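What's in start.pdb: PDB, C-alpha atoms
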MODEL        1
ATOM      1  CA  MET A   1      17.492 -85.163  76.725
ATOM      2  CA  ALA A   2      14.985 -83.119  78.710
ATOM      3  CA  THR A   3      16.085 -82.502  82.291
ATOM      4  CA  VAL A   4      14.338 -84.867  84.676
ATOM      5  CA  ARG A   5      15.017 -86.221  88.157
ATOM      6  CA  MET A   6      14.469 -89.911  88.752
ATOM      7  CA  ILE A   7      14.936 -92.474  91.496
ATOM      8  CA  ASP A   8      15.531 -96.079  90.452
ATOM      9  CA  ILE A   9      14.005 -98.031  93.335
ATOM     10  CA  ALA A  10      15.420-101.439  92.350
ATOM     11  CA  VAL A  11      18.964-102.156  91.201
ATOM     12  CA  ASN A  12      20.658-105.513  91.817
ATOM     13  CA  PHE A  13      24.222-104.244  92.064
ATOM     14  CA  THR A  14      25.136-107.421  93.962
ATOM     15  CA  ASP A  15      24.537-109.439  90.778
ATOM     16  CA  GLY A  16      27.611-110.888  89.096
ATOM     17  CA  MET A  17      26.848-109.131  85.817
ATOM     18  CA  PHE A  18      27.892-105.824  87.353
ATOM     19  CA  LYS A  19      31.196-107.515  88.209
ATOM     20  CA  GLY A  20      31.519-108.605  84.590
ATOM     21  CA  ILE A  21      30.584-112.226  85.350
ATOM     22  CA  TYR A  22      28.014-113.993  83.149
ATOM     23  CA  ASN A  23      27.104-117.631  83.807
ATOM     24  CA  GLY A  24      30.271-118.024  85.838
ATOM     25  CA  LYS A  25      32.542-116.584  83.143
ATOM     26  CA  GLN A  26      34.482-113.321  83.534
ATOM     27  CA  CYS A  27      33.690-111.302  80.398
ATOM     28  CA  HIS A  28      34.780-107.809  81.425
ATOM     29  CA  VAL A  29      35.925-105.750  84.387
ATOM     30  CA  SER A  30      33.625-104.787  87.259
ATOM     31  CA  ASP A  31      31.946-101.576  86.143
ATOM     32  CA  ILE A  32      29.573-100.275  88.800
ATOM     33  CA  ALA A  33      31.349 -96.885  88.802
ATOM     34  CA  THR A  34      30.886 -96.566  85.038
ATOM     35  CA  VAL A  35      27.244 -97.634  85.271
ATOM     36  CA  LEU A  36      26.643 -95.062  88.015
ATOM     37  CA  SER A  37      28.244 -92.292  85.976
ATOM     38  CA  ARG A  38      25.860 -93.021  83.100
ATOM     39  CA  ALA A  39      22.913 -93.046  85.496
ATOM     40  CA  TRP A  40      23.738 -89.683  87.069
ATOM     41  CA  THR A  41      24.194 -88.149  83.587
ATOM     42  CA  ALA A  42      20.780 -89.500  82.503
ATOM     43  CA  GLY A  43      19.039 -87.740  85.400
ATOM     44  CA  VAL A  44      18.959 -90.500  88.004
ATOM     45  CA  ASP A  45      19.235 -88.753  91.355
ATOM     46  CA  ARG A  46      19.074 -91.687  93.812
ATOM     47  CA  ILE A  47      19.354 -95.469  93.510
ATOM     48  CA  ILE A  48      18.130 -98.129  95.914
ATOM     49  CA  VAL A  49      20.243-101.294  95.896
ATOM     50  CA  THR A  50      18.229-104.461  96.469
ATOM     51  CA  GLY A  51      19.046-106.974  99.187
ATOM     52  CA  GLY A  52      17.602-110.452  98.652
ATOM     53  CA  SER A  53      19.292-112.524 101.361
ATOM     54  CA  LEU A  54      21.259-111.868 104.532
ATOM     55  CA  GLU A  55      24.602-111.983 102.732
ATOM     56  CA  GLU A  56      23.317-110.026  99.755
ATOM     57  CA  SER A  57      21.879-107.378 102.092
ATOM     58  CA  LYS A  58      25.303-107.003 103.709
ATOM     59  CA  GLU A  59      26.850-106.491 100.273
ATOM     60  CA  ALA A  60      24.096-104.053  99.287
ATOM     61  CA  LEU A  61      24.868-101.948 102.363
ATOM     62  CA  THR A  62      28.585-101.990 101.573
ATOM     63  CA  ILE A  63      27.851-100.790  98.028
ATOM     64  CA  ALA A  64      25.432 -98.117  99.278
ATOM     65  CA  GLU A  65      28.145 -96.697 101.510
ATOM     66  CA  THR A  66      30.299 -95.839  98.490
ATOM     67  CA  ASP A  67      28.118 -92.919  97.343
ATOM     68  CA  ALA A  68      25.760 -90.529  99.132
ATOM     69  CA  ARG A  69      23.158 -91.085  96.402
ATOM     70  CA  LEU A  70      22.944 -94.829  96.999
ATOM     71  CA  PHE A  71      20.587 -96.503  99.486
ATOM     72  CA  CYS A  72      19.610-100.127 100.064
ATOM     73  CA  THR A  73      17.124-102.624 101.441
ATOM     74  CA  VAL A  74      17.564-105.460 103.926
ATOM     75  CA  GLY A  75      15.505-108.626 103.621
ATOM     76  CA  VAL A  76      15.091-112.104 102.171
ATOM     77  CA  HIS A  77      13.539-112.779  98.762
ATOM     78  CA  PRO A  78      10.716-115.360  98.767
ATOM     79  CA  THR A  79      12.712-117.825  96.657
ATOM     80  CA  ARG A  80      15.507-117.739  99.236
ATOM     81  CA  CYS A  81      13.465-118.062 102.415
ATOM     82  CA  LYS A  82      14.824-121.550 103.036
ATOM     83  CA  GLU A  83      17.968-119.795 104.248
ATOM     84  CA  PHE A  84      16.229-119.135 107.574
ATOM     85  CA  GLU A  85      15.913-122.844 108.314
ATOM     86  CA  GLU A  86      19.099-123.891 106.535
ATOM     87  CA  SER A  87      21.003-121.549 108.851
ATOM     88  CA  GLY A  88      20.237-124.014 111.654
ATOM     89  CA  ASP A  89      18.775-121.284 113.854
ATOM     90  CA  PRO A  90      15.980-119.229 112.222
ATOM     91  CA  ASP A  91      15.706-116.882 115.201
ATOM     92  CA  LYS A  92      19.427-116.115 115.116
ATOM     93  CA  HIS A  93      19.176-115.514 111.359
ATOM     94  CA  PHE A  94      16.314-113.094 111.960
ATOM     95  CA  GLN A  95      18.315-111.271 114.632
ATOM     96  CA  ALA A  96      21.207-110.925 112.192
ATOM     97  CA  LEU A  97      18.853-109.251 109.711
ATOM     98  CA  LEU A  98      17.540-106.996 112.468
ATOM     99  CA  SER A  99      21.063-105.980 113.497
ATOM    100  CA  LEU A 100      22.027-105.301 109.886
ATOM    101  CA  ALA A 101      18.930-103.170 109.328
ATOM    102  CA  LYS A 102      19.648-101.182 112.473
ATOM    103  CA  GLU A 103      23.260-100.647 111.417
ATOM    104  CA  GLY A 104      22.138 -99.500 107.970
ATOM    105  CA  ILE A 105      19.549 -97.113 109.370
ATOM    106  CA  GLU A 106      22.124 -95.532 111.649
ATOM    107  CA  LYS A 107      24.366 -95.047 108.619
ATOM    108  CA  GLY A 108      21.492 -93.408 106.738
ATOM    109  CA  LYS A 109      21.452 -96.119 104.087
ATOM    110  CA  VAL A 110      18.714 -98.698 104.735
ATOM    111  CA  VAL A 111      15.375 -97.322 103.558
ATOM    112  CA  ALA A 112      13.142-100.413 103.406
ATOM    113  CA  ILE A 113      12.723-104.029 104.454
ATOM    114  CA  GLY A 114      12.869-106.416 101.506
ATOM    115  CA  GLU A 115      12.926-107.743  98.965
ATOM    116  CA  CYS A 116      10.306-109.985 100.537
ATOM    117  CA  GLY A 117       6.955-111.427  99.545
ATOM    118  CA  LEU A 118       5.603-114.442  97.655
ATOM    119  CA  ASP A 119       6.648-116.045  94.365
ATOM    120  CA  TYR A 120       4.529-119.004  93.291
ATOM    121  CA  ASP A 121       6.102-119.097  89.823
ATOM    122  CA  ARG A 122       9.324-120.488  91.301
ATOM    123  CA  LEU A 123       8.220-122.913  93.972
ATOM    124  CA  GLN A 124      11.100-125.206  92.979
ATOM    125  CA  PHE A 125      13.361-122.882  94.958
ATOM    126  CA  CYS A 126      11.208-122.551  98.058
ATOM    127  CA  PRO A 127       7.825-124.125  98.995
ATOM    128  CA  ALA A 128       4.823-121.841  99.442
ATOM    129  CA  GLU A 129       4.417-122.580 103.165
ATOM    130  CA  ILE A 130       8.006-121.555 103.935
ATOM    131  CA  GLN A 131       7.607-118.442 101.787
ATOM    132  CA  LYS A 132       4.466-117.437 103.678
ATOM    133  CA  LYS A 133       6.013-118.117 107.094
ATOM    134  CA  TYR A 134       9.041-115.907 106.522
ATOM    135  CA  PHE A 135       7.212-113.251 104.538
ATOM    136  CA  GLU A 136       5.040-112.729 107.607
ATOM    137  CA  LYS A 137       8.099-112.826 109.860
ATOM    138  CA  GLN A 138       9.716-109.937 108.000
ATOM    139  CA  PHE A 139       6.869-107.615 108.958
ATOM    140  CA  GLU A 140       8.432-107.808 112.418
ATOM    141  CA  LEU A 141      11.556-106.206 110.924
ATOM    142  CA  ALA A 142       9.537-103.386 109.379
ATOM    143  CA  HIS A 143       7.658-102.823 112.624
ATOM    144  CA  ALA A 144      10.783-102.849 114.777
ATOM    145  CA  MET A 145      12.725-100.550 112.440
ATOM    146  CA  LYS A 146       9.697 -98.391 111.487
ATOM    147  CA  LEU A 147      10.502 -98.856 107.810
ATOM    148  CA  PRO A 148       8.385 -99.284 104.663
ATOM    149  CA  MET A 149       8.509-102.562 102.734
ATOM    150  CA  PHE A 150       9.955-103.455  99.352
ATOM    151  CA  LEU A 151       7.707-106.255  98.146
ATOM    152  CA  HIS A 152       7.666-109.070  95.605
ATOM    153  CA  MET A 153       4.411-110.562  94.322
ATOM    154  CA  ARG A 154       4.427-113.133  91.538
ATOM    155  CA  ALA A 155       1.431-115.390  90.762
ATOM    156  CA  ALA A 156       0.406-115.128  94.418
ATOM    157  CA  ALA A 157      -1.935-112.137  94.694
ATOM    158  CA  PRO A 158      -4.633-113.674  96.971
ATOM    159  CA  ASP A 159      -2.186-114.973  99.609
ATOM    160  CA  PHE A 160       0.050-111.922  99.268
ATOM    161  CA  CYS A 161      -2.764-109.421  99.798
ATOM    162  CA  GLU A 162      -4.200-111.431 102.705
ATOM    163  CA  ILE A 163      -0.846-111.429 104.524
ATOM    164  CA  VAL A 164      -0.233-107.735 103.811
ATOM    165  CA  GLU A 165      -3.703-106.757 105.041
ATOM    166  CA  ARG A 166      -3.256-108.838 108.190
ATOM    167  CA  ASN A 167      -0.019-106.993 108.943
ATOM    168  CA  ARG A 168      -1.062-103.550 107.724
ATOM    169  CA  SER A 169      -0.495-101.911 111.100
ATOM    170  CA  ARG A 170       3.119-103.131 111.197
ATOM    171  CA  PHE A 171       4.568-101.100 108.327
ATOM    172  CA  SER A 172       4.272 -97.498 107.189
ATOM    173  CA  ALA A 173       4.049 -98.043 103.421
ATOM    174  CA  GLY A 174       5.063-100.503 100.748
ATOM    175  CA  VAL A 175       5.801-100.930  97.060
ATOM    176  CA  ALA A 176       4.952-104.070  95.094
ATOM    177  CA  HIS A 177       7.888-103.878  92.752
ATOM    178  CA  SER A 178       8.336-105.274  89.229
ATOM    179  CA  PHE A 179       4.585-105.556  88.880
ATOM    180  CA  THR A 180       3.391-107.874  86.088
ATOM    181  CA  GLY A 181      -0.053-108.743  87.390
ATOM    182  CA  SER A 182      -3.572-108.395  86.042
ATOM    183  CA  ALA A 183      -5.983-105.486  86.361
ATOM    184  CA  GLU A 184      -7.586-107.373  89.243
ATOM    185  CA  ASP A 185      -4.212-107.744  90.976
ATOM    186  CA  ARG A 186      -3.537-104.040  90.435
ATOM    187  CA  ASP A 187      -6.854-103.066  91.990
ATOM    188  CA  LYS A 188      -6.262-105.334  95.003
ATOM    189  CA  LEU A 189      -2.940-103.604  95.633
ATOM    190  CA  LEU A 190      -4.398-100.134  95.185
ATOM    191  CA  SER A 191      -7.089-100.943  97.751
ATOM    192  CA  ILE A 192      -4.328-101.215 100.386
ATOM    193  CA  SER A 193      -3.527 -97.834 101.904
ATOM    194  CA  ASN A 194      -0.025 -96.485 101.260
ATOM    195  CA  MET A 195       0.750 -99.287  98.797
ATOM    196  CA  TYR A 196       2.595 -98.251  95.655
ATOM    197  CA  ILE A 197       3.244-100.210  92.461
ATOM    198  CA  GLY A 198       6.729-100.426  90.959
ATOM    199  CA  VAL A 199       6.941-100.478  87.160
ATOM    200  CA  ASN A 200       9.860-101.664  85.022
ATOM    201  CA  GLY A 201      10.449-103.230  81.604
ATOM    202  CA  CYS A 202       8.777-106.481  82.662
ATOM    203  CA  SER A 203       5.647-104.441  83.427
ATOM    204  CA  LEU A 204       5.570-103.102  79.863
ATOM    205  CA  LYS A 205       6.004-106.188  77.658
ATOM    206  CA  THR A 206       2.513-106.676  76.228
ATOM    207  CA  ALA A 207      -0.455-104.584  75.176
ATOM    208  CA  GLU A 208      -2.314-106.024  78.157
ATOM    209  CA  ASN A 209       0.534-104.912  80.449
ATOM    210  CA  LEU A 210       0.251-101.381  79.070
ATOM    211  CA  ASP A 211      -3.490-101.367  79.673
ATOM    212  CA  VAL A 212      -2.911-102.355  83.297
ATOM    213  CA  VAL A 213      -0.193 -99.722  83.824
ATOM    214  CA  ARG A 214      -2.337 -97.047  82.146
ATOM    215  CA  SER A 215      -4.805 -97.258  85.028
ATOM    216  CA  ILE A 216      -2.266 -97.057  87.861
ATOM    217  CA  PRO A 217      -2.574 -93.529  89.291
ATOM    218  CA  ILE A 218       0.794 -91.795  89.023
ATOM    219  CA  GLU A 219       0.426 -90.811  92.691
ATOM    220  CA  ARG A 220       0.632 -94.551  93.515
ATOM    221  CA  MET A 221       3.486 -95.465  91.170
ATOM    222  CA  MET A 222       7.280 -95.715  91.330
ATOM    223  CA  ILE A 223       9.708 -96.581  88.536
ATOM    224  CA  GLU A 224      12.635 -98.958  88.476
ATOM    225  CA  THR A 225      14.893-101.048  86.285
ATOM    226  CA  ASP A 226      15.374-104.160  88.463
ATOM    227  CA  SER A 227      18.650-104.228  86.549
ATOM    228  CA  PRO A 228      20.499-106.154  85.284
ATOM    229  CA  TYR A 229      17.150-107.789  84.468
ATOM    230  CA  CYS A 230      13.794-106.537  83.146
ATOM    231  CA  GLY A 231      14.998-104.268  80.369
ATOM    232  CA  ILE A 232      12.666-102.979  77.662
ATOM    233  CA  LYS A 233      13.227-105.209  74.631
ATOM    234  CA  ASN A 234      12.665-104.433  70.960
ATOM    235  CA  THR A 235       9.770-106.911  71.127
ATOM    236  CA  SER A 236       8.103-105.106  74.054
ATOM    237  CA  ALA A 237       4.796-103.385  73.407
ATOM    238  CA  GLY A 238       6.181-100.311  75.159
ATOM    239  CA  ILE A 239       9.165 -99.903  72.826
ATOM    240  CA  LYS A 240       7.172 -97.569  70.557
ATOM    241  CA  PHE A 241       7.228 -94.926  73.301
ATOM    242  CA  VAL A 242      10.996 -95.077  73.964
ATOM    243  CA  LYS A 243      12.880 -91.941  72.922
ATOM    244  CA  SER A 244      16.208 -92.209  74.769
ATOM    245  CA  THR A 245      18.785 -94.718  73.559
ATOM    246  CA  TRP A 246      22.405 -95.550  74.302
ATOM    247  CA  PRO A 247      24.978 -97.290  72.094
ATOM    248  CA  SER A 248      25.496-100.911  73.125
ATOM    249  CA  LYS A 249      28.058-103.646  72.576
ATOM    250  CA  LYS A 250      28.130-107.318  73.414
ATOM    251  CA  LYS A 251      29.757-108.247  76.716
ATOM    252  CA  GLU A 252      32.603-109.954  74.855
ATOM    253  CA  LYS A 253      33.438-106.616  73.192
ATOM    254  CA  TYR A 254      33.041-104.535  76.333
ATOM    255  CA  ASP A 255      33.432-100.782  75.924
ATOM    256  CA  GLN A 256      32.882 -98.527  78.931
ATOM    257  CA  GLU A 257      31.383 -95.880  76.653
ATOM    258  CA  CYS A 258      28.546 -98.281  75.752
ATOM    259  CA  ILE A 259      25.942-100.173  77.718
ATOM    260  CA  VAL A 260      26.291-103.954  77.633
ATOM    261  CA  LYS A 261      23.842-105.461  75.139
ATOM    262  CA  ASP A 262      20.991-107.305  76.904
ATOM    263  CA  ARG A 263      22.116-106.114  80.367
ATOM    264  CA  ASN A 264      19.757-103.609  81.924
ATOM    265  CA  GLU A 265      21.202-100.743  83.986
ATOM    266  CA  PRO A 266      19.920 -97.728  85.953
ATOM    267  CA  CYS A 267      20.251 -95.096  83.199
ATOM    268  CA  LEU A 268      17.549 -97.033  81.338
ATOM    269  CA  VAL A 269      14.969 -96.148  83.987
ATOM    270  CA  ARG A 270      14.497 -93.129  81.754
ATOM    271  CA  GLN A 271      12.989 -95.447  79.144
ATOM    272  CA  VAL A 272      10.516 -96.727  81.739
ATOM    273  CA  LEU A 273       9.531 -93.125  82.432
ATOM    274  CA  GLU A 274       9.047 -92.518  78.711
ATOM    275  CA  VAL A 275       6.878 -95.597  78.235
ATOM    276  CA  VAL A 276       4.720 -94.727  81.239
ATOM    277  CA  ALA A 277       4.269 -91.216  79.816
ATOM    278  CA  GLY A 278       3.496 -92.580  76.375
ATOM    279  CA  CYS A 279       0.942 -95.174  77.408
ATOM    280  CA  LYS A 280      -0.797 -92.653  79.656
ATOM    281  CA  GLY A 281      -0.775 -89.941  76.998
ATOM    282  CA  ILE A 282       1.265 -87.564  79.171
ATOM    283  CA  SER A 283       3.224 -85.021  77.113
ATOM    284  CA  GLU A 284       4.895 -83.238  80.031
ATOM    285  CA  ILE A 285       7.459 -85.818  81.104
ATOM    286  CA  GLY A 286       9.063 -83.404  83.552
ATOM    287  CA  GLN A 287       5.918 -83.144  85.659
ATOM    288  CA  LEU A 288       5.485 -86.930  85.556
ATOM    289  CA  SER A 289       9.057 -87.446  86.736
ATOM    290  CA  ARG A 290       8.545 -84.976  89.597
ATOM    291  CA  THR A 291       5.453 -86.803  90.823
ATOM    292  CA  LEU A 292       7.154 -90.209  90.708
ATOM    293  CA  TYR A 293      10.275 -88.768  92.345
ATOM    294  CA  HIS A 294       8.295 -87.284  95.202
ATOM    295  CA  ASN A 295       6.333 -90.509  95.712
ATOM    296  CA  THR A 296       9.618 -92.249  96.429
ATOM    297  CA  CYS A 297      11.067 -89.449  98.530
ATOM    298  CA  ARG A 298       7.984 -89.235 100.719
ATOM    299  CA  THR A 299       7.798 -92.978 101.206
ATOM    300  CA  TRP A 300      11.446 -93.936 101.692
ATOM    301  CA  ILE A 301      14.118 -91.271 101.434
ATOM    302  CA  LEU A 302      12.412 -88.555 103.485
ATOM    303  CA  GLN A 303      11.917 -90.987 106.362
ATOM    304  CA  GLN A 304      15.681 -91.505 106.487
ATOM    305  CA  ILE A 305      16.280 -87.743 106.311
ATOM    306  CA  LEU A 306      13.952 -87.155 109.262
ATOM    307  CA  TYR A 307      15.628 -89.947 111.230
ATOM    308  CA  LEU A 308      19.058 -88.476 110.553
ATOM    309  CA  LEU A 309      17.825 -84.992 111.374
ATOM    310  CA  VAL A 310      16.716 -86.181 114.804
ATOM    311  CA  MET A 311      20.105 -87.847 115.312
ATOM    312  CA  THR A 312      21.873 -84.695 114.117
ATOM    313  CA  LEU A 313      20.016 -82.567 116.631
ATOM    314  CA  SER A 314      21.126 -84.933 119.380
ATOM    315  CA  ASP A 315      24.717 -85.082 118.111
ATOM    316  CA  LYS A 316      25.657 -82.180 115.860
ATOM    317  CA  THR A 317      29.013 -83.715 114.965
ATOM    318  CA  LYS A 318      27.673 -86.442 112.667
ATOM    319  CA  PHE A 319      24.920 -87.988 110.560
ATOM    320  CA  LEU A 320      23.136 -85.522 108.244
ATOM    321  CA  PRO A 321      26.054 -83.505 106.764
ATOM    322  CA  ALA A 322      28.162 -86.621 106.361
ATOM    323  CA  ALA A 323      25.386 -88.462 104.571
ATOM    324  CA  GLY A 324      25.133 -85.749 101.926
ATOM    325  CA  TYR A 325      21.363 -85.315 102.070
ATOM    326  CA  SER A 326      19.285 -82.526 100.612
ATOM    327  CA  VAL A 327      15.535 -82.395 101.049
ATOM    328  CA  PRO A 328      13.563 -82.022  97.779
ATOM    329  CA  LEU A 329      11.126 -79.168  98.299
ATOM    330  CA  SER A 330       9.682 -78.762  94.821
TER     331      SER A 330
ENDMDL
END
Structure translated into structure tokens:
Amino acid sequence: MATVRMIDIAVNFTDGMFKGIYNGKQCHVSDIATVLSRAWTAGVDRIIVTGGSLEESKEALTIAETDARLFCTVGVHPTRCKEFEESGDPDKHFQALLSLAKEGIEKGKVVAIGECGLDYDRLQFCPAEIQKKYFEKQFELAHAMKLPMFLHMRAAAPDFCEIVERNRSRFSAGVAHSFTGSAEDRDKLLSISNMYIGVNGCSLKTAENLDVVRSIPIERMMIETDSPYCGIKNTSAGIKFVKSTWPSKKKEKYDQECIVKDRNEPCLVRQVLEVVAGCKGISEIGQLSRTLYHNTCRTWILQQILYLLVMTLSDKTKFLPAAGYSVPLS
């Protein structure tokens, strides 16, 4: 494998599959440590653990604290926005998110607000009006914490872009992750300043998907797995560009030396990089990886470094050295 540095901006380590649980059944031991070891060996340099609810965001922060290379988000996924009202006190629920974000920032771990946005493909989980109400509310978190946003947009581009544009002054930057939209949707997102597009296996399924990704400027792109979901399948149009493979076994025959068949994991972000390079006709994958890496560092990680640097200067006994940061300069 050529030496590359990558940041996987979306890993759902709070999902039961990383605890060995599939459809409520324990199939193997919890294996986050093993998954991380494979990722670091593959060239993954940082991972951002996704929070999709208040409780999940708490767990994401706990996981992020186990390794200096792990970070996380705090927010509520559009399909879970009913939790604000089901809590019995939406304002108190919001304050709990705010407190958690502040705690995570002080620990050098929370790098974005999200996953939040709109999902009109799954309205059975949460009505559109509730999604819109609490999507807009979470811009208050980004504004208060001075953080970028980790965004979800599914079958909702017009409403999504309208809300983002209306709140553009309240967040520094954003990434519309796991992008599967049309060329028109792509262009709407790219018209928003400091908006990036996150690409994973779900972005690379069809020839049309590849055409859309081909025209995303690499300076406005980030890569991700959204694992344990959104892997690149043998039926994906992008599979022809994949060069890196790992042995796999079914979950029932778990082997820590192999990836679990049909479970995506962070090491496989390398395949996303390879497909992006292939569909764009880029032969120098190292340069591509550096550009994508720096997009993420500038948008999310560097902001945390600068915050911690300020805190370090005010209290030289903590923060930056303990967090294990190094600033990428090249």
Q.
Counting all atoms listed in the file, which residues sit no farther than 12 Å from the position (5.6, -84.4, 85.0) in the file's frame? I'd like them as a ChimeraX atom specification.
A. /A:2-6,218-219,273-274,276-277,280-294
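Here, the PyMOL selection byres ((chain A and resi 237) around 6) matches A:Lys205, A:Thr206, A:Ala207, A:Ser236, A:Gly238, A:Ile239.
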Q: Carefully work through the PyMOL selection byres ((chain A and resi 58) around 10) for this structure and note down the residues it includes, as a VMD selection string.
A: chain A and resid 14 51 to 57 59 to 64 72 to 75 97 100 to 101 104
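For the structure shown here, the set of residues caught by the PyMOL selection byres ((chain A and resi 183) around 12) is Ala157, Phe179, Thr180, Gly181, Ser182, Glu184, Asp185, Arg186, Asp187, Lys188, Leu189, Leu190, Glu208, Asn209, Leu210, Asp211, Val212, Val213, Arg214, Ser215 and Ile216 of chain A.
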Let's have the selection written as a CSV table (one decimal), in the frame of the given file, with C-alpha atoms.
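See result22.csv below for the written result:
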chain,number,residue,atom,x,y,z
A,157,ALA,CA,-1.9,-112.1,94.7
A,179,PHE,CA,4.6,-105.6,88.9
A,180,THR,CA,3.4,-107.9,86.1
A,181,GLY,CA,-0.1,-108.7,87.4
A,182,SER,CA,-3.6,-108.4,86.0
A,184,GLU,CA,-7.6,-107.4,89.2
A,185,ASP,CA,-4.2,-107.7,91.0
A,186,ARG,CA,-3.5,-104.0,90.4
A,187,ASP,CA,-6.9,-103.1,92.0
A,188,LYS,CA,-6.3,-105.3,95.0
A,189,LEU,CA,-2.9,-103.6,95.6
A,190,LEU,CA,-4.4,-100.1,95.2
A,208,GLU,CA,-2.3,-106.0,78.2
A,209,ASN,CA,0.5,-104.9,80.4
A,210,LEU,CA,0.3,-101.4,79.1
A,211,ASP,CA,-3.5,-101.4,79.7
A,212,VAL,CA,-2.9,-102.4,83.3
A,213,VAL,CA,-0.2,-99.7,83.8
A,214,ARG,CA,-2.3,-97.0,82.1
A,215,SER,CA,-4.8,-97.3,85.0
A,216,ILE,CA,-2.3,-97.1,87.9
Per-residue nearest contacts of range 62-179 of chain A to range 32-40 of chain A (10 Å; all atoms listed in the file) as JSON lines:
{"residue": "A:Ile63", "atom": "CA", "partner": "A:Ile32", "partner_atom": "CA", "distance": 9.4}
{"residue": "A:Thr66", "atom": "CA", "partner": "A:Ala33", "partner_atom": "CA", "distance": 9.8}
{"residue": "A:Asp67", "atom": "CA", "partner": "A:Leu36", "partner_atom": "CA", "distance": 9.7}
{"residue": "A:Arg69", "atom": "CA", "partner": "A:Trp40", "partner_atom": "CA", "distance": 9.5}
{"residue": "A:Leu70", "atom": "CA", "partner": "A:Leu36", "partner_atom": "CA", "distance": 9.7}
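Of the residues listed (A:Phe84, A:Tyr229, A:Phe241, A:Phe125), A:Tyr229 shows the shortest atom-to-atom separation from Arg263 in chain A; distances use only C-alpha atoms.
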Q) Could you work out how far CA of Val111 in chain A lies from CA of Trp300 in chain A, giving the answer in Å with one decimal? A) 5.5 Å
**Q.** Residue neighbourhood Tyr134 in chain A, 12 Å, only C-alpha atoms, exclusion window fewer than 5 positions, as JSON, numbers by chain
**A.** {"A": [53, 75, 76, 77, 78, 79, 80, 81, 82, 83, 84, 85, 90, 91, 93, 94, 114, 115, 116, 117, 118, 126, 127, 128, 129, 139, 140, 141, 163]}
Atoms kept (C-alpha atoms) for selection, written as a PDB file, keeping the file's coordinate frame:
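Written out: part-v7.pdb:
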ATOM      1  CA  SER A  53      19.292-112.524 101.361  1.00  0.00           C
ATOM      2  CA  GLY A  75      15.505-108.626 103.621  1.00  0.00           C
ATOM      3  CA  VAL A  76      15.091-112.104 102.171  1.00  0.00           C
ATOM      4  CA  HIS A  77      13.539-112.779  98.762  1.00  0.00           C
ATOM      5  CA  PRO A  78      10.716-115.360  98.767  1.00  0.00           C
ATOM      6  CA  THR A  79      12.712-117.825  96.657  1.00  0.00           C
ATOM      7  CA  ARG A  80      15.507-117.739  99.236  1.00  0.00           C
ATOM      8  CA  CYS A  81      13.465-118.062 102.415  1.00  0.00           C
ATOM      9  CA  LYS A  82      14.824-121.550 103.036  1.00  0.00           C
ATOM     10  CA  GLU A  83      17.968-119.795 104.248  1.00  0.00           C
ATOM     11  CA  PHE A  84      16.229-119.135 107.574  1.00  0.00           C
ATOM     12  CA  GLU A  85      15.913-122.844 108.314  1.00  0.00           C
ATOM     13  CA  PRO A  90      15.980-119.229 112.222  1.00  0.00           C
ATOM     14  CA  ASP A  91      15.706-116.882 115.201  1.00  0.00           C
ATOM     15  CA  HIS A  93      19.176-115.514 111.359  1.00  0.00           C
ATOM     16  CA  PHE A  94      16.314-113.094 111.960  1.00  0.00           C
ATOM     17  CA  GLY A 114      12.869-106.416 101.506  1.00  0.00           C
ATOM     18  CA  GLU A 115      12.926-107.743  98.965  1.00  0.00           C
ATOM     19  CA  CYS A 116      10.306-109.985 100.537  1.00  0.00           C
ATOM     20  CA  GLY A 117       6.955-111.427  99.545  1.00  0.00           C
ATOM     21  CA  LEU A 118       5.603-114.442  97.655  1.00  0.00           C
ATOM     22  CA  CYS A 126      11.208-122.551  98.058  1.00  0.00           C
ATOM     23  CA  PRO A 127       7.825-124.125  98.995  1.00  0.00           C
ATOM     24  CA  ALA A 128       4.823-121.841  99.442  1.00  0.00           C
ATOM     25  CA  GLU A 129       4.417-122.580 103.165  1.00  0.00           C
ATOM     26  CA  PHE A 139       6.869-107.615 108.958  1.00  0.00           C
ATOM     27  CA  GLU A 140       8.432-107.808 112.418  1.00  0.00           C
ATOM     28  CA  LEU A 141      11.556-106.206 110.924  1.00  0.00           C
ATOM     29  CA  ILE A 163      -0.846-111.429 104.524  1.00  0.00           C
TER      30      ILE A 163
END
As lines of an AutoDock Vina configuration file: centre and edge lengths in Å, one decimal, of the axis-aligned box holding range 25-33 of chain A with 6 Å per side:
center_x = 32.7
center_y = -106.7
center_z = 84.6
size_x = 18.4
size_y = 31.7
size_z = 20.4
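Counting only C-alpha atoms and comparing A:Asn194, A:Pro217, A:Phe18, A:Val272, the residue that lies closest to Thr245 in chain A is A:Val272.
When CA of Gly231 in chain A is paired with CA of Cys202 in chain A, their separation reads 7.0 Å.
One distance worth recording is that between CA of Ile223 in chain A and CA of Gly198 in chain A, which is 5.4 Å.
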(Q) Ranking A:Glu103, A:Cys279, A:Gln256, A:Asp45 by minimum distance to His28 in chain A and counting only C-alpha atoms, which one comes first? (A) A:Gln256
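Each of A:Asp8, A:Asp119, A:Glu265, A:Glu252 was compared to Lys25 in chain A using all atoms listed in the file, and A:Glu252 turns out to be the nearest.
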